[in-house]
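Quick notes on the structure that follows.
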Amino acid sequence: MRRGLSLVLALLALPAAAGAGPAQRPAYPPSRVADVVETLHGVEVHDPYRWLEDGRSPEVQAWAKDQNDFARHQLDQLPGRAWLAKRLHDVSYVDTVGVPERAGARLFFLHRKADQEKAVLYWRSETDGVDHVLVDPNALSADGSTSLGEWAPSHDGKTLAYTLRENNADEAILYVKDVASGTVRDRDRIAGVKYAGPSCTPAGDGFYYTWLPTDPKIPAAERPGHAEVRYHALGTDPARDPVVRAATGDPGTSVGATVSRDGHWLFAYVVTYSQDDVYYKDLRVKGAAWKTLVEGVPAHFSVKDWKDRFYVKTDEGASRYRLLRADPSAPDRRQWKEIVPEAGDAVLESASVVGGRLALSYLRNAASQLELRTLDGKPLRSIKLPGIGSSSGIVGTPDRDEAFYDFSSFTQRPEIWRTSIATGRSRRWARWAVPVDPKPYVVEQVFYQSKDGTKVPMFLVHRKDAPKDGSTPFLLYGYGGFGQSQEPTFSARLYPWLEAGGGYALANLRGGDEYGEDWHKAGALGNKQHVFDDFIAAGEYLVKEGWTKPERLAIKGGSNGGLLVGAALTQRPDLFKAVICEVPLLDMVRYQRFGSGQTWVSEYGSADNEADFRWLYAYSPYHHVQAGTAYPAVLMDSSDSDDRVDPLHARKMTAALQAASTGGPVLLRIETHAGHGGADLVSSAVAKAVDSYAFLFDRLGMAPPSVQ
């Protein structure tokens, strides 16, 4: 049986392995070894850095500070930082705007001006076209640590429910504001809304939301099992909000509710990553009981309603999704009518009713396509997009002809278009002005074979004249999980990398939704190794085709993508020169005990189950660190207030790699006042990108354009 980290413990004091090269081991801050050995399902599992799990411990906090100080010292000395800082500043501090949402006679949208750190929520009057500040997170805290989370205007646009999050963590407090006056309603403040999802009543006099208890005695990983759906009537005491859907008691589930636009129907969802249970009740009937729309079916279901008909998007019997219509008076699934069948070559990403028509968003070979149909599913027309890129879909209301959609690609700046559903006439509503020149670069989509012969797509972005002689430094990115598609979207901060001569590769790995639920399942649970195989094969393809070579190849991933690059660096350390690993999961034997881990059991499995343990332990990056191995250089990026993926993963993996690697260096960068998504400040994003690119420049032998 493989001994995992026991080998690390045995070799901690040994010199570098023969053939590892003359590189001197960095003088890392010391990491105490206190091996915990457990026998799990008959396997002896070593955990020498379990003490680093306790982020509240003064010893762990001192260790983390020493590590961050060490990383800061190393990163600050790297060449190229001045050019990177200026260039990243120039491309990041620009005007940006989001897709607007219509509510009554007002449009609500996010807009960040070029001199601001955070996007501001505005509303615009239909009568005078004037923009009004509604929520400005730049003014909420002196240090910028308070972030705007979810926001939902009432249908008449008169009130707004929104959440604020400290340190950009998931934990939040909900507020209600009167839009016209900008006044916050004091009595409507609600804590415990980590995943609020407020859904407003048609009259705007209240909303349904998800509430989680804030009792610190409840372990964080168990909280989702205590989530309830509640109703809040404006102006009443939130402590007395009635529970309309009780907690499941299962921390592996998420619950939520939405109310129909006409107020006739309330829908409740009990969700995992493998299936959705949907319930509904008629709000016009006093004391109406919940009815089951679908329950216990291993498939996904999402419901949109219009005029007392339910439009159900599902992958039941259709991996790439189809759309059916149901009559709530006859909810038996056998009576549902299929109105949009599964497409053979595209995935139905979203379906809604806009302007009395079905607005459909498809993904074909990882690129967006938009389509309109009648409510019976008959094709009307496609909305032509400027090229191969990404759109978040058609945004509008069922009863208005007006709609909005966005588009961007690797080489096209984001645009937002306003369109008529009836006529198809469109005009550009907004466009980002970013000081980059895309003309020297080309985007191509390639397909390569993974280890088991599966064909996997990948986007490449590089200079048009890039030679295929292995000389181009390439940054390979992937995610591969939770049915999340990785699409060709615009990133201003990619351009300094391209301008310095780098190439970029985005691999559409199994585990995502690029080809539907079968593609997702092929990279989930016991199939997770397929994702790592796909990613490694992507790196091998780049080398084989002459785009780059191992000493000029870096990889990057965050969250589930951090697990991806963690597995890649432990399974194929020879293939990559440098790794950027952000807010990762890395100890897959214990992940479910921390943060939001219990809600991911349907995606990964749980080591508490013997069968799941076998595959989790087989790839868990932390448990596959081997002493005497020349691992790539690693920049581990963690956030101090991450309440989704606990920073313990980054701490433990950093200690293990520093003890084991004859390569390196291995640095732990800790972002302060930051949650899973970072610090929600442009300055923080720029600083992080400067560190990452400078680290890659140094390891891959790159230099800024001015000194090349």
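Ordering of the structure tokens sets the chain letters (A, B, ...); residue numbers start at 1 within each chain; ligands are numbered from 1 in the order shown.
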| message | Taking 6 positions as the minimum chain separation for residues in the same chain, which residues sit within 7 Å of Pro100 in chain A when counting only C-alpha atoms? Answer as a PyMOL selection string. | response | chain A and resi 107-109
| said: According to DSSP computed on the backbone, where in range 15-153 of chain A is there strand (DSSP E or B)? Give the residues as a ChimeraX atom specification. | reply: /A:36-40,43-47,96-97,101-103,106-112,120-125,131-135,146-153
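Every protein, DNA or RNA residue with an atom at most 9 Å from Gly481 in chain A, where only C-alpha atoms count and chain neighbours fewer than 5 positions away do not, is listed here: A:Leu509, A:Arg510, A:Gly511, A:Gly512, A:Asp513, A:His520, A:Gly523, A:Ala524, A:Lys528, A:Val531, A:Asn560, A:Gly561, A:Glu603.
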| Residue nearest Ser471 in chain A - candidates A:Tyr541, A:Trp547, A:Tyr321, A:Phe407, atoms counted: only C-alpha atoms | A:Trp547
Against range 424-441 of chain A, which residues of range 105-163 of chain A fall within 12 Å? For each one I want the closest pair of atoms and the distance in Å (one decimal), counting only C-alpha atoms, rows by chain and increasing residue number, as a tab-separated table.
residue	atom	partner	partner_atom	distance
A:Phe109	CA	A:Ala430	CA	11.5
A:Leu110	CA	A:Ala430	CA	11.9
A:His111	CA	A:Ala430	CA	10.5
A:Arg112	CA	A:Trp432	CA	10.6
A:Lys113	CA	A:Trp432	CA	10.7
A:Ala114	CA	A:Ala433	CA	9.9
